[in-house]
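J.: One structure, pasted below without further comment.
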Amino acid sequence: MTDGTPGPSRREPGDRLRAARLGPADVVRLGGTGLRTRPLRVFLSALGIAIGVAAMIAVVGISGSGQAEVDRRLDALGTNLLRVAPGESLTGEKAELPYEAVSMVRRIPPVRQVAATGVTDAHVYRNDHIAIGRTGSLTVLAAGTDLLPAVGGQVRRGRWLDSATDEYPAVVLGATAAQRLDVYTPGTRVWLGGRWFSLIGVLDPVPLAPELDGAALVGWSAARTYLDFDGHPSTVYVRAEDSRVAAVRAVLPATAYPEKPGEVRISRPSDALAAREATESALTGLLLGLGGVALLVGGVGVGNTMVISVLERRPEIGLRRALGATKGQIRTQFVTESLLLSLIGGLGGTVLGTLITAGYALSRDWPTVVPAWASLAGIASTLAIGMIAGLYPAVRASRLSPTEALSGT
């Protein structure tokens, strides 16, 4: 006989137990718990990922910083510099620019600056005791007083040639020439062309005219007086209006050498810098490949860690399966652990790569440039690797039955 109170509900034979659903926060918390129990292994696995990401970001960042420095220099020096030099004659011999080349080029309306250098047969030595022939690959050039502003050069020590020193045995050394001669102090004498010349200045490197770095520069009049210079310019530097550079370039051969324009070569130094930048971009691609290999090795480490984790945690997996965890929840747990492990390595590598880039750029006095896409690509690649590396261990863990996992077989 019943008292009318409802008794405990009875489960009909057709009813099925439903597994509790895990929310995103529960999945992350569960995955983080698995990582916290093995901190040293997690650190070493994340370090492999971090090294790969740091290598990729550092390569991209240093390359970007170098490109920004090149752009900054070009903006400062200008891309409107043209170089006129003699080519070869029809017989294959070295051609010569006429004496009047500079004055004729100066008549082109869009031209703003013109300067020239001329090659001499003289050699420069530190003193008169150096054996003849040991020139250190240094050249002696006759230079006009207006050369330095035309090529965007700067004097590091002393001063540049002027009207007072153009006719006297005075010399200015390029940066490389001063280093090879080990002469830097203005007032020092050097043995040049069989007589003593007084050093009045040392130049900084000239990016748009690197041939000046390894040269000793003397006044145009002094070169004709003391060095038997014939007066033919070997290189004419031309500055034109930015918007008219192409037009000036087209008429330069016929203007500089009207009789034989085919024996004149015109080049643009900024194009050489752009070509060097392209070469550096190719090297950057190679280094990025090496960074990718390092990242792949880090992914293998993550996969190895997750496989070992499955083997060590078989009892835990069996217990969770016995308590009602589904195969999908087990897979989600281990994939989440792999993603978190890769994310830790990716974030650490991004920070490390940025610090490396900043340190290198500061040491070279470059602007620090780390493209945002590089950081995002680094983190995205680590997540992809984490997903791939954790997929097999996760599937393997989900296939363990409760009895098999708990028995340890």
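By convention in this document, the chains of the structure tokens carry letters A, B, ... by their order, each chain's residues are numbered from 1, and ligands are numbered from 1 in the order they are shown.
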If we count only C-alpha atoms and set the cut-off at 10 Å, which residues sit around range 92-109 of chain A, ignoring sequence neighbours fewer than 5 positions away in its own chain? Please answer as a PyMOL selection string.
T.: chain A and resi 84-87+114-116+230-241+244+248+251-261+263-264
J.: May I have the residues within 12 Å of range 210-212 of chain A as a PyMOL selection string, using only C-alpha atoms and disregarding those fewer than 6 positions away in the same chain?
T.: chain A and resi 83+116-119+137-143+147-148+151-154+172-178+202-204+218+234-235+269-270+272-273
J.: Got a sec to tell me which of range 160-283 of chain A DSSP assigns to strand (DSSP E), as a PyMOL selection string?
T.: chain A and resi 170-173+189-192+195-203+215-219+235-240+264-267
J.: Output as a count of residues only all residues of range 72-169 of chain A that backbone DSSP marks as helix (DSSP H, G or I).
T.: 16
J.: Which residues come within 12 Å of Arg38 in chain A, counting only C-alpha atoms, excluding same-chain residues fewer than 4 positions away, as number ranges by chain?
T.: A: 32-34, 42-45, 305-306, 308-309, 312-313, 337, 341
